[in-house]
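Q: Sharing a structure here in structure tokens format.
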Amino acid sequence: KAVVSTQSTGYLGWLARCYIMNRKPRLAWELYLKQETSSESFSLLQLIANDCYKMGQFYYSAKAFDVLERLDPNPEYWEGKRGACIGLFQQIIAGHEPRETLREILAILRNTGNAQVDYIIRIMKKWAKDNRVSVT
């Protein structure tokens, strides 16, 4: 395997996009994790957040939007994170994602100072309680 840090930014972006479009978002996320903090890694994170969202791969989208929101308090990142977390919650309810993932969603949501987060967390916790899903 080639060393990721020596690859051009454009190549990494297209490689991440190919992973996401081929339903391998974890590999795209790992590309980001191997990057040093820079404007290029920030751009890669934006690509992962948005492309995963478009493809319904909400787990990695939520993780990426969470990091983006912590790096830059732009309200669009909160909106993306909120949408990804709710999309992932819907997938859990439908049985398309493991119920244990709910614990991670709640942790991601707690990283936010937005007032809406309390309401969303309350709904998720109520569902978890009603469906005997441990979130602690």
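So you can find residues: chains in the structure tokens are A, B, ... in the order shown, residues in each start at 1, and ligands are numbered from 1 in order.
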Near range 59-72 of chain A, within 6 Å and counting only C-alpha atoms, which residues show up once chain neighbours fewer than 6 positions away are dropped, as number ranges by chain?

A: A: 45, 49, 52-53, 81, 84-85

Q: Rank A:Gln57, A:Asn22, A:Thr136, A:Asn50 by their smallest atom-to-atom distance to Glu104 in chain A, using only C-alpha atoms, and report the top residue only.

A: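 Once distances to Glu104 in chain A are computed over only C-alpha atoms, the minimum belongs to A:Thr136.
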
Q: Show me, as an mmCIF file with N, CA and C atoms, in the first residue's frame, the residues that have an atom within 12 Å of Arg122 in chain A when counting only C-alpha atoms, minus same-chain residues fewer than 6 positions from it.

A:
```cif
data_model
loop_
_atom_site.group_PDB
_atom_site.id
_atom_site.type_symbol
_atom_site.label_atom_id
_atom_site.label_comp_id
_atom_site.auth_asym_id
_atom_site.auth_seq_id
_atom_site.Cartn_x
_atom_site.Cartn_y
_atom_site.Cartn_z
ATOM 1 N N LEU A 106 -25.905 9.009 20.860
ATOM 2 C CA LEU A 106 -26.134 9.861 22.021
ATOM 3 C C LEU A 106 -24.849 10.576 22.435
ATOM 4 N N LEU A 109 -24.245 13.354 19.944
ATOM 5 C CA LEU A 109 -25.177 14.465 20.168
ATOM 6 C C LEU A 109 -24.791 15.283 21.399
ATOM 7 N N ARG A 110 -24.273 14.633 22.409
ATOM 8 C CA ARG A 110 -23.893 15.347 23.646
ATOM 9 C C ARG A 110 -22.718 16.289 23.428
ATOM 10 N N GLN A 116 -31.509 22.266 20.778
ATOM 11 C CA GLN A 116 -32.366 21.196 20.248
ATOM 12 C C GLN A 116 -31.929 19.817 20.707
ATOM 13 N N ALA A 128 -35.302 3.869 23.448
ATOM 14 C CA ALA A 128 -34.398 2.842 23.972
ATOM 15 C C ALA A 128 -35.017 2.149 25.185
ATOM 16 N N LYS A 129 -35.596 2.924 26.067
ATOM 17 C CA LYS A 129 -36.219 2.345 27.262
ATOM 18 C C LYS A 129 -37.397 1.458 26.872
ATOM 19 N N VAL A 135 -28.469 2.146 26.937
ATOM 20 C CA VAL A 135 -27.730 3.276 26.388
ATOM 21 C C VAL A 135 -26.769 3.876 27.417
#
```
